[in-house]
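As provided, coords30.cif (mmCIF, C-alpha atoms and all ligand atoms) reads as follows.
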```cif
data_structure
loop_
_atom_site.group_PDB
_atom_site.id
_atom_site.type_symbol
_atom_site.label_atom_id
_atom_site.label_comp_id
_atom_site.auth_asym_id
_atom_site.auth_seq_id
_atom_site.Cartn_x
_atom_site.Cartn_y
_atom_site.Cartn_z
ATOM 1 C CA MET H 57 59.012 -16.389 32.040
ATOM 2 C CA ASN H 58 58.487 -12.952 30.463
ATOM 3 C CA LEU H 59 58.301 -9.707 32.416
ATOM 4 C CA PRO H 60 54.509 -9.387 32.755
ATOM 5 C CA GLN H 61 54.363 -13.053 33.852
ATOM 6 C CA ALA H 62 57.081 -12.445 36.406
ATOM 7 C CA ALA H 63 55.242 -9.387 37.710
ATOM 8 C CA ALA H 64 51.975 -11.349 37.913
ATOM 9 C CA ALA H 65 53.693 -14.214 39.671
ATOM 10 C CA GLY H 66 55.325 -11.824 42.114
ATOM 11 C CA ALA H 67 51.994 -10.134 42.824
ATOM 12 C CA ALA H 68 50.283 -13.496 43.265
ATOM 13 C CA LEU H 69 53.044 -14.696 45.540
ATOM 14 C CA GLN H 70 52.672 -11.576 47.611
ATOM 15 C CA GLN H 71 48.901 -12.016 47.780
ATOM 16 C CA GLY H 72 49.341 -15.766 48.240
ATOM 17 C CA LEU H 73 51.091 -15.076 51.527
ATOM 18 C CA GLU H 74 47.869 -13.530 52.789
ATOM 19 C CA ALA H 75 45.399 -15.800 51.028
ATOM 20 C CA PRO H 76 44.642 -19.055 52.886
ATOM 21 C CA ALA H 77 46.547 -22.092 51.620
ATOM 22 C CA VAL H 78 43.369 -24.177 51.575
ATOM 23 C CA LEU H 79 39.723 -23.129 51.124
ATOM 24 C CA PRO H 80 37.150 -25.734 52.215
ATOM 25 C CA PRO H 81 33.950 -26.038 50.137
ATOM 26 C CA ALA H 82 30.970 -23.816 50.998
ATOM 27 C CA PRO H 83 28.162 -26.362 51.386
ATOM 28 C CA ALA H 84 25.315 -23.847 51.095
ATOM 29 C CA SER H 85 26.403 -22.637 47.677
ATOM 30 C CA VAL H 86 28.899 -24.909 45.926
ATOM 31 C CA PHE H 87 26.376 -27.104 44.086
ATOM 32 C CA ALA H 88 23.633 -24.450 43.900
ATOM 33 C CA ASP H 89 25.984 -21.967 42.192
ATOM 34 C CA ARG H 90 27.245 -24.720 39.876
ATOM 35 C CA ALA H 91 23.685 -25.671 38.894
ATOM 36 C CA ALA H 92 22.896 -22.033 38.074
ATOM 37 C CA ARG H 93 26.074 -21.822 36.010
ATOM 38 C CA PHE H 94 25.188 -25.002 34.079
ATOM 39 C CA GLU H 95 21.767 -23.480 33.332
ATOM 40 C CA ARG H 96 23.309 -20.263 32.039
ATOM 41 C CA LEU H 97 25.878 -22.133 29.910
ATOM 42 C CA ALA H 98 23.197 -24.471 28.478
ATOM 43 C CA ASP H 99 21.333 -21.544 26.952
ATOM 44 C CA GLY H 100 22.199 -21.449 23.252
ATOM 45 C CA HIS H 101 24.994 -24.022 23.594
ATOM 46 C CA ALA H 102 25.372 -26.773 20.986
ATOM 47 C CA SER H 103 25.303 -29.315 23.863
ATOM 48 C CA GLY H 104 22.584 -27.391 25.714
ATOM 49 C CA ASP H 105 20.351 -30.398 26.510
ATOM 50 C CA TRP H 106 23.222 -32.235 28.159
ATOM 51 C CA LEU H 107 24.363 -29.165 30.140
ATOM 52 C CA ALA H 108 20.747 -28.532 31.244
ATOM 53 C CA PHE H 109 20.577 -32.125 32.488
ATOM 54 C CA LEU H 110 23.814 -31.616 34.424
ATOM 55 C CA ALA H 111 22.187 -28.535 35.983
ATOM 56 C CA ARG H 112 19.390 -30.784 37.274
ATOM 57 C CA LEU H 113 21.894 -33.366 38.497
ATOM 58 C CA THR H 114 23.834 -30.664 40.343
ATOM 59 C CA ARG H 115 20.616 -29.295 41.917
ATOM 60 C CA THR H 116 19.964 -32.805 43.248
ATOM 61 C CA GLN H 117 23.509 -32.882 44.645
ATOM 62 C CA HIS H 118 22.738 -29.576 46.391
ATOM 63 C CA ALA H 119 19.536 -30.967 47.932
ATOM 64 C CA LEU H 120 21.338 -34.110 49.152
ATOM 65 C CA LEU H 121 24.137 -32.056 50.676
ATOM 66 C CA GLN H 122 21.670 -29.804 52.559
ATOM 67 C CA ASN H 123 20.092 -32.893 54.171
ATOM 68 C CA HIS H 124 23.230 -34.930 54.702
ATOM 69 C CA PRO H 125 23.099 -37.250 57.738
ATOM 70 C CA PRO H 126 26.047 -37.341 60.145
ATOM 71 C CA ALA H 127 28.872 -39.668 59.040
ATOM 72 C CA ASP H 128 32.220 -40.684 60.524
ATOM 73 C CA LEU H 129 35.178 -38.319 60.157
ATOM 74 C CA PRO H 130 38.860 -39.008 60.851
ATOM 75 C CA SER H 131 39.749 -38.651 64.538
ATOM 76 C CA GLY H 132 41.885 -35.750 65.752
ATOM 77 C CA THR H 133 44.814 -38.152 66.085
ATOM 78 C CA ALA H 134 44.381 -39.441 62.545
ATOM 79 C CA ARG H 135 44.162 -35.860 61.211
ATOM 80 C CA ALA H 136 47.297 -34.808 63.081
ATOM 81 C CA LEU H 137 49.136 -37.896 61.810
ATOM 82 C CA ALA H 138 48.076 -37.213 58.207
ATOM 83 C CA LEU H 139 49.138 -33.565 58.541
ATOM 84 C CA SER H 140 52.551 -34.477 59.977
ATOM 85 C CA HIS H 141 53.181 -36.950 57.134
ATOM 86 C CA GLY H 142 51.978 -34.579 54.413
ATOM 87 C CA MET H 143 49.118 -36.981 53.639
ATOM 88 C CA PRO H 144 45.478 -36.110 52.842
ATOM 89 C CA ALA H 145 43.108 -36.311 55.807
ATOM 90 C CA LEU H 146 40.282 -38.024 53.896
ATOM 91 C CA PRO H 147 42.087 -40.030 51.206
ATOM 92 C CA ALA H 148 39.825 -40.863 48.255
ATOM 93 C CA ASN H 149 41.937 -43.966 47.858
ATOM 94 C CA GLY H 150 41.737 -45.789 51.186
ATOM 95 C CA TRP H 151 39.143 -43.964 53.305
ATOM 96 C CA ARG H 152 36.551 -46.408 54.704
ATOM 97 C CA ARG H 153 33.410 -45.100 53.015
ATOM 98 C CA ASN H 154 30.118 -44.693 54.816
ATOM 99 C CA PRO H 155 27.334 -46.456 52.833
ATOM 100 C CA VAL H 156 25.432 -43.149 52.789
ATOM 101 C CA TRP H 157 27.007 -42.433 49.389
ATOM 102 C CA ARG H 158 24.953 -45.313 47.924
ATOM 103 C CA ARG H 159 21.807 -43.658 49.277
ATOM 104 C CA HIS H 160 22.842 -40.510 47.414
ATOM 105 C CA LEU H 161 23.217 -42.596 44.262
ATOM 106 C CA ALA H 162 19.742 -44.116 44.693
ATOM 107 C CA ALA H 163 18.277 -40.632 45.242
ATOM 108 C CA LEU H 164 20.014 -39.310 42.114
ATOM 109 C CA ALA H 165 18.708 -42.273 40.076
ATOM 110 C CA GLU H 166 15.155 -41.785 41.310
ATOM 111 C CA GLY H 167 15.074 -38.000 41.211
ATOM 112 C CA LEU H 168 16.552 -37.668 37.725
ATOM 113 C CA GLN H 169 14.680 -40.517 36.017
ATOM 114 C CA THR H 170 11.958 -38.391 34.437
ATOM 115 C CA GLN H 171 14.263 -35.431 33.737
ATOM 116 C CA ALA H 172 17.046 -37.319 31.970
ATOM 117 C CA PRO H 173 17.681 -37.320 28.235
ATOM 118 C CA GLU H 174 16.231 -40.443 26.549
ATOM 119 C CA VAL H 175 19.659 -42.076 26.209
ATOM 120 C CA LEU H 176 20.334 -41.913 29.983
ATOM 121 C CA ARG H 177 16.966 -43.186 31.250
ATOM 122 C CA PRO H 178 17.816 -46.911 31.008
ATOM 123 C CA VAL H 179 21.124 -46.171 32.759
ATOM 124 C CA LEU H 180 19.350 -44.480 35.682
ATOM 125 C CA ALA H 181 16.645 -47.164 35.800
ATOM 126 C CA GLY H 182 19.312 -49.877 36.087
ATOM 127 C CA LEU H 183 21.306 -48.278 38.937
ATOM 128 C CA PRO H 184 19.138 -49.560 41.851
ATOM 129 C CA ALA H 185 19.581 -53.158 40.678
ATOM 130 C CA ILE H 186 23.393 -53.075 40.998
ATOM 131 C CA GLY H 187 24.572 -54.932 44.091
ATOM 132 C CA GLU H 188 26.451 -53.243 46.935
ATOM 133 C CA ALA H 189 29.736 -55.013 46.239
ATOM 134 C CA GLU H 190 29.620 -54.033 42.571
ATOM 135 C CA LEU H 191 28.797 -50.405 43.434
ATOM 136 C CA GLU H 192 31.733 -50.277 45.844
ATOM 137 C CA ARG H 193 33.957 -51.678 43.097
ATOM 138 C CA LEU H 194 32.752 -48.993 40.669
ATOM 139 C CA ALA H 195 33.367 -46.351 43.359
ATOM 140 C CA ASP H 196 36.925 -47.612 43.890
ATOM 141 C CA GLY H 197 37.521 -47.220 40.154
ATOM 142 C CA VAL H 198 36.088 -43.684 40.043
ATOM 143 C CA LEU H 199 38.170 -42.609 43.040
ATOM 144 C CA ARG H 200 41.354 -43.971 41.434
ATOM 145 C CA THR H 201 40.383 -42.560 38.002
ATOM 146 C CA GLU H 202 40.494 -46.112 36.678
ATOM 147 C CA TYR H 203 37.208 -46.121 34.791
ATOM 148 C CA ASP H 204 35.679 -49.489 33.864
ATOM 149 C CA PRO H 205 34.698 -49.042 30.192
ATOM 150 C CA ALA H 206 31.918 -51.641 30.560
ATOM 151 C CA HIS H 207 30.174 -49.289 33.028
ATOM 152 C CA SER H 208 31.169 -45.905 31.672
ATOM 153 C CA ALA H 209 27.570 -44.627 31.376
ATOM 154 C CA ARG H 210 26.973 -45.291 35.091
ATOM 155 C CA LEU H 211 30.196 -43.828 36.408
ATOM 156 C CA PRO H 212 29.272 -40.102 36.253
ATOM 157 C CA PHE H 213 26.353 -40.855 38.615
ATOM 158 C CA VAL H 214 28.592 -42.860 40.948
ATOM 159 C CA ALA H 215 30.987 -39.898 40.891
ATOM 160 C CA ALA H 216 28.175 -37.399 41.557
ATOM 161 C CA ALA H 217 27.082 -39.379 44.640
ATOM 162 C CA LEU H 218 30.669 -39.623 45.918
ATOM 163 C CA GLN H 219 31.114 -35.857 45.377
ATOM 164 C CA VAL H 220 28.168 -35.155 47.708
ATOM 165 C CA TYR H 221 29.590 -37.417 50.436
ATOM 166 C CA TRP H 222 33.165 -36.111 50.169
ATOM 167 C CA THR H 223 32.061 -32.477 49.943
ATOM 168 C CA TRP H 224 30.001 -32.910 53.125
ATOM 169 C CA MET H 225 33.023 -34.342 54.966
ATOM 170 C CA ALA H 226 35.425 -31.712 53.569
ATOM 171 C CA ALA H 227 33.134 -28.907 54.761
ATOM 172 C CA GLN H 228 32.925 -30.089 58.393
ATOM 173 C CA PRO H 229 34.631 -27.791 60.920
ATOM 174 C CA ALA H 230 36.751 -30.749 62.106
ATOM 175 C CA LEU H 231 38.526 -30.684 58.722
ATOM 176 C CA ALA H 232 39.417 -26.971 58.920
ATOM 177 C CA GLY H 233 43.037 -25.855 58.994
ATOM 178 C CA LEU H 234 44.432 -28.197 56.347
ATOM 179 C CA ALA H 235 47.838 -27.395 54.881
ATOM 180 C CA ARG H 236 49.086 -27.829 51.335
ATOM 181 C CA LEU H 237 50.767 -31.203 50.714
ATOM 182 C CA ASP H 238 54.338 -31.623 49.509
ATOM 183 C CA VAL H 239 52.892 -32.656 46.145
ATOM 184 C CA PRO H 240 51.302 -29.403 44.989
ATOM 185 C CA GLY H 241 49.082 -30.990 42.328
ATOM 186 C CA VAL H 242 46.818 -33.074 44.598
ATOM 187 C CA CYS H 243 44.022 -32.092 46.979
ATOM 188 C CA PRO H 244 45.186 -31.606 50.586
ATOM 189 C CA CYS H 245 41.864 -32.948 51.842
ATOM 190 C CA CYS H 246 41.314 -36.089 49.749
ATOM 191 C CA GLY H 247 44.389 -36.535 47.538
ATOM 192 C CA SER H 248 42.386 -36.342 44.274
ATOM 193 C CA LEU H 249 43.529 -34.494 41.170
ATOM 194 C CA PRO H 250 42.130 -31.039 40.362
ATOM 195 C CA VAL H 251 39.376 -30.624 37.761
ATOM 196 C CA ALA H 252 40.717 -27.156 36.872
ATOM 197 C CA SER H 253 42.295 -24.115 38.439
ATOM 198 C CA VAL H 254 40.484 -20.883 39.225
ATOM 199 C CA ILE H 255 41.736 -17.313 39.338
ATOM 200 C CA GLN H 256 39.858 -15.832 42.262
ATOM 201 C CA ALA H 257 37.816 -12.648 42.373
ATOM 202 C CA GLY H 258 36.864 -10.556 45.389
ATOM 203 C CA GLN H 259 38.869 -10.876 48.574
ATOM 204 C CA TYR H 260 41.673 -12.925 47.014
ATOM 205 C CA ALA H 261 41.445 -11.429 43.518
ATOM 206 C CA GLY H 262 44.124 -12.668 41.152
ATOM 207 C CA VAL H 263 45.234 -15.578 43.345
ATOM 208 C CA ARG H 264 45.158 -18.997 41.724
ATOM 209 C CA TYR H 265 43.656 -22.048 43.415
ATOM 210 C CA LEU H 266 43.312 -25.604 42.185
ATOM 211 C CA HIS H 267 39.787 -27.024 42.550
ATOM 212 C CA CYS H 268 39.357 -30.658 43.675
ATOM 213 C CA SER H 269 37.503 -32.951 41.254
ATOM 214 C CA LEU H 270 35.990 -34.878 44.193
ATOM 215 C CA CYS H 271 35.528 -32.839 47.401
ATOM 216 C CA ASN H 272 35.414 -29.249 46.017
ATOM 217 C CA THR H 273 38.249 -28.115 48.284
ATOM 218 C CA GLU H 274 40.497 -25.439 46.730
ATOM 219 C CA TRP H 275 44.212 -25.024 47.377
ATOM 220 C CA ASN H 276 46.556 -22.228 46.502
ATOM 221 C CA LEU H 277 49.264 -22.624 43.867
ATOM 222 C CA VAL H 278 51.351 -19.756 42.525
ATOM 223 C CA ARG H 279 50.036 -18.746 39.113
ATOM 224 C CA ALA H 280 53.139 -19.227 37.031
ATOM 225 C CA ASN H 281 53.774 -22.836 38.118
ATOM 226 C CA CYS H 282 52.662 -25.769 35.972
ATOM 227 C CA THR H 283 49.995 -27.611 37.996
ATOM 228 C CA SER H 284 51.461 -30.989 37.018
ATOM 229 C CA CYS H 285 55.255 -30.645 37.253
ATOM 230 C CA GLY H 286 55.784 -27.292 38.972
ATOM 231 C CA GLU H 287 58.008 -25.859 36.214
ATOM 232 C CA THR H 288 57.630 -22.130 35.640
ATOM 233 C CA ASP H 289 59.358 -21.340 32.368
ATOM 234 C CA LYS H 290 57.476 -23.478 29.842
ATOM 235 C CA VAL H 291 53.874 -22.577 30.656
ATOM 236 C CA SER H 292 51.663 -20.917 28.044
ATOM 237 C CA TYR H 293 47.947 -20.579 27.343
ATOM 238 C CA ARG H 294 45.571 -21.788 24.629
ATOM 239 C CA VAL H 295 42.089 -20.413 24.082
ATOM 240 C CA LEU H 296 39.174 -21.203 21.811
ATOM 241 C CA GLU H 297 38.753 -18.747 18.986
ATOM 242 C CA GLY H 298 35.263 -17.310 18.535
ATOM 243 C CA ALA H 299 32.294 -18.099 20.740
ATOM 244 C CA GLY H 300 33.569 -21.564 21.680
ATOM 245 C CA GLY H 301 30.343 -23.522 21.136
ATOM 246 C CA GLY H 302 28.252 -21.166 23.228
ATOM 247 C CA ALA H 303 30.739 -20.927 26.097
ATOM 248 C CA PRO H 304 31.686 -17.417 27.167
ATOM 249 C CA ASN H 305 34.868 -16.074 25.684
ATOM 250 C CA GLY H 306 37.934 -15.248 27.721
ATOM 251 C CA ILE H 307 36.740 -17.026 30.885
ATOM 252 C CA VAL H 308 38.361 -20.389 30.196
ATOM 253 C CA ARG H 309 41.860 -21.036 28.918
ATOM 254 C CA ALA H 310 44.077 -24.099 28.863
ATOM 255 C CA GLU H 311 47.384 -23.778 30.690
ATOM 256 C CA VAL H 312 49.792 -26.007 28.770
ATOM 257 C CA CYS H 313 53.305 -26.991 29.817
ATOM 258 C CA ASP H 314 56.055 -27.794 27.325
ATOM 259 C CA HIS H 315 58.126 -29.402 30.070
ATOM 260 C CA CYS H 316 55.740 -32.261 31.052
ATOM 261 C CA HIS H 317 53.277 -31.859 28.123
ATOM 262 C CA GLY H 318 50.403 -31.687 30.568
ATOM 263 C CA TYR H 319 47.571 -29.186 30.679
ATOM 264 C CA LEU H 320 44.773 -28.061 32.943
ATOM 265 C CA LYS H 321 42.071 -25.510 32.275
ATOM 266 C CA GLN H 322 41.945 -22.255 34.166
ATOM 267 C CA MET H 323 38.651 -20.471 34.946
ATOM 268 C CA ARG H 324 38.806 -16.690 35.339
ATOM 269 C CA ARG H 325 36.516 -15.740 38.208
ATOM 270 C CA ASP H 326 38.240 -12.350 38.061
ATOM 271 C CA LYS H 327 36.517 -11.892 34.666
ATOM 272 C CA ASP H 328 33.213 -13.533 35.608
ATOM 273 C CA ALA H 329 32.637 -14.298 39.280
ATOM 274 C CA SER H 330 30.129 -17.029 38.389
ATOM 275 C CA ALA H 331 32.689 -19.084 36.416
ATOM 276 C CA ASP H 332 32.719 -22.627 37.756
ATOM 277 C CA PRO H 333 35.545 -25.157 37.357
ATOM 278 C CA VAL H 334 33.179 -28.076 36.700
ATOM 279 C CA ALA H 335 30.442 -26.423 34.606
ATOM 280 C CA ASP H 336 32.701 -24.187 32.506
ATOM 281 C CA ASP H 337 34.951 -27.183 31.876
ATOM 282 C CA LEU H 338 32.109 -29.263 30.402
ATOM 283 C CA ALA H 339 30.910 -26.320 28.315
ATOM 284 C CA THR H 340 34.353 -26.041 26.681
ATOM 285 C CA LEU H 341 35.196 -29.617 25.650
ATOM 286 C CA ALA H 342 36.152 -28.200 22.225
ATOM 287 C CA LEU H 343 39.157 -26.627 23.963
ATOM 288 C CA ASP H 344 40.201 -30.095 25.241
ATOM 289 C CA ILE H 345 40.041 -31.438 21.686
ATOM 290 C CA LEU H 346 42.190 -28.537 20.461
ATOM 291 C CA VAL H 347 44.817 -29.051 23.166
ATOM 292 C CA ASP H 348 44.742 -32.874 22.957
ATOM 293 C CA GLU H 349 45.395 -32.630 19.229
ATOM 294 C CA ALA H 350 48.387 -30.415 19.949
ATOM 295 C CA GLY H 351 49.854 -33.278 22.008
ATOM 296 C CA TYR H 352 49.089 -32.288 25.606
ATOM 297 C CA LEU H 353 47.646 -34.663 28.200
ATOM 298 C CA ARG H 354 45.002 -33.440 30.629
ATOM 299 C CA GLY H 355 46.228 -33.330 34.235
ATOM 300 C CA GLY H 356 42.959 -34.000 36.105
ATOM 301 C CA PRO H 357 39.529 -35.541 35.481
ATOM 302 C CA ASN H 358 36.001 -34.207 35.401
ATOM 303 C CA PRO H 359 34.167 -37.345 36.520
ATOM 304 C CA LEU H 360 30.776 -36.016 35.359
ATOM 305 C CA PHE H 361 32.090 -36.660 31.856
ATOM 306 C CA ILE H 362 33.769 -40.016 31.354
ATOM 307 C CA PRO H 363 34.858 -40.810 27.804
ATOM 308 C CA GLY H 364 32.680 -43.583 26.393
ATOM 309 C CA SER H 365 29.750 -42.712 28.680
ATOM 310 C CA ALA H 366 26.307 -41.729 27.428
ATOM 311 C CA GLY H 367 27.213 -38.107 28.104
ATOM 312 C CA GLU H 368 29.644 -38.372 25.238
ATOM 313 C CA HIS H 369 26.711 -38.946 22.885
ATOM 314 C CA ARG H 370 25.330 -35.542 23.792
ATOM 315 C CA PRO H 371 23.991 -33.600 20.831
ATOM 316 C CA GLY H 372 26.331 -31.217 19.044
ATOM 317 C CA PRO H 373 30.158 -31.118 18.892
HETATM 318 ZN ZN ZN A 1 39.568 -33.183 47.482
HETATM 319 ZN ZN ZN A 2 54.510 -29.245 33.540
#
```

Can the structure in the file be given as structure tokens, please?
Amino acid sequence: MNLPQAAAAGAALQQGLEAPAVLPPAPASVFADRAARFERLADGHASGDWLAFLARLTRTQHALLQNHPPADLPSGTARALALSHGMPALPANGWRRNPVWRRHLAALAEGLQTQAPEVLRPVLAGLPAIGEAELERLADGVLRTEYDPAHSARLPFVAAALQVYWTWMAAQPALAGLARLDVPGVCPCCGSLPVASVIQAGQYAGVRYLHCSLCNTEWNLVRANCTSCGETDKVSYRVLEGAGGGAPNGIVRAEVCDHCHGYLKQMRRDKDASADPVADDLATLALDILVDEAGYLRGGPNPLFIPGSAGEHRPGP
């Protein structure tokens, strides 16, 4: 670690002591802000049609979250037990899902049918015909990041529906007060991997949080640590030169680690408060290509983009 890094890490550590360890999602704004960000990033972007569609998908997620029916949550005893064992309270892998998530999927399929790019319309039209058992199997795969290639075009919609359900649960007051797990790289609420990390603006300016790819919970991790292996001395940053395919410059960088050869993107809310870990990630896939080609393996998924899915055939690079 060089001197400025050490100073930054020290400052973050100092601020990290005051910043909450875990920030639950804000249900009123998380999807609405993301949709607005997708819209802004779509403008003039080589993959603008696809990003604009994801804006509409995210607006539908917002509407579903605002009207979410009550669903079971872990009991106080179960939460205390999970906390004492350093386990997530709402484990993506193992939590008994309420069937409401399949209603979200049906609503996404219906609501997006006329707004989808041509290539995705048959995919959306076919979703209601999939049986419950098969949908639950696809959900299990999404939640374990074991994507069935035969269904890859459907999986981003399955993931979007599961995100609504898990975000609703994660935002309930009963889930407040979570602590970081012993494994720093997984979500303290649901145990999923992060989609990206964010450098906060405002009240906790400069503090780094990881952002959950499923439930939108954020958890604090000291800036200088690799998000995958925790090492501090082999972390460096890669950026896209130039405009980056329409994505704003300087907001997104890839944090690469020469110890574990993993990487995760970092979104700088301190440079642009509207930067979003999901939307800015999908607007900068060229950065993933750059870093993949340099031999680094991505440390967390963005389930709205599953390799091999129709989204991959989006126009442009
Ligand atoms: Zn989570
Ligand atoms: Zn590492």

Shell of 6 Å around ligand ZN 2 (chain A) (all atoms listed in the file), written as a count of residues only | 9

Test item: residues no farther than 8 Å from ligand ZN 1 (chain A), counting all atoms listed in the file, as an MDAnalysis selection string | chainID H and resid 148 222:223 226 242:250 267:274

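For the choices H:Glu311, H:Glu74, H:Asp289, H:Glu349, the atom-to-atom distance to Asn276 (chain H) is smallest for H:Glu74 when using all atoms listed in the file.
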
Given the file above and the PyMOL selection byres (((chain H and resi 310) around 10) and not hetatm), which residues are selected, and can you give them as an MDAnalysis selection string?
-> chainID H and resid 252:253 292:296 308:309 311:313 319:323 343:344 346:347 354

Just give me the gap between CA of Ala127 (chain H) and CA of Asn154 (chain H) in Å, one decimal is fine.
-> 6.7 Å

Residue neighbourhood region 188-199 of chain H, 7 Å, all atoms listed in the file, exclusion window fewer than 6 positions, as number ranges by chain | H: 148-149, 211, 214-215

Specify as a ChimeraX atom specification each residue included when the PyMOL selection byres (((chain H and resi 176) around 12) and not hetatm) is applied to this file.
-> /H:106,109-110,165,168-175,177-183,208-213,365-370

Nearest candidate to Val220 (chain H) (options H:Ala257, H:Ala108, H:Val86, H:Ala91; using all atoms listed in the file) =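 Nearest candidate to Val220 (chain H) out of H:Ala257, H:Ala108, H:Val86, H:Ala91: H:Val86.
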
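Pairwise distance (CA of Ala102 (chain H), CA of Ala163 (chain H)) equals 28.8 Å.
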
Can you tell me, as AutoDock Vina command-line options, the centre and edge lengths (Å, one decimal) of the axis-aligned box enclosing all of region 164-174 of chain H's listed atoms after padding each side by 4 Å?
```
--center_x 16.0 --center_y -38.9 --center_z 34.3 --size_x 16.1 --size_y 14.8 --size_z 23.6
```

Shell around Asp336 (chain H) at 8 Å using all atoms listed in the file, local window under 2 positions removed, as a PyMOL selection string | chain H and resi 93-94+97+303+308+323+331-334+338-340

Using C-alpha atoms, can you export the residues from the last selection as a PDB file, keeping the file's coordinate frame?
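Wrote selection_23.pdb, looks like this:
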```pdb
ATOM      1  CA  ARG H  93      26.074 -21.822  36.010  1.00  0.00           C
ATOM      2  CA  PHE H  94      25.188 -25.002  34.079  1.00  0.00           C
ATOM      3  CA  LEU H  97      25.878 -22.133  29.910  1.00  0.00           C
ATOM      4  CA  ALA H 303      30.739 -20.927  26.097  1.00  0.00           C
ATOM      5  CA  VAL H 308      38.361 -20.389  30.196  1.00  0.00           C
ATOM      6  CA  MET H 323      38.651 -20.471  34.946  1.00  0.00           C
ATOM      7  CA  ALA H 331      32.689 -19.084  36.416  1.00  0.00           C
ATOM      8  CA  ASP H 332      32.719 -22.627  37.756  1.00  0.00           C
ATOM      9  CA  PRO H 333      35.545 -25.157  37.357  1.00  0.00           C
ATOM     10  CA  VAL H 334      33.179 -28.076  36.700  1.00  0.00           C
ATOM     11  CA  LEU H 338      32.109 -29.263  30.402  1.00  0.00           C
ATOM     12  CA  ALA H 339      30.910 -26.320  28.315  1.00  0.00           C
ATOM     13  CA  THR H 340      34.353 -26.041  26.681  1.00  0.00           C
TER      14      THR H 340
END
```

Output check: residues returned by the PyMOL selection byres (((chain H and resi 278-280) around 6) and not hetatm), as a ChimeraX atom specification = /H:65,264,277,281,288

Which is closest to Pro125 (chain H) among H:Pro81, H:Gly100, H:Pro363, H:Pro155, if we use only C-alpha atoms?
->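 Of the candidates, the smallest distance to Pro125 (chain H) is held by H:Pro155.
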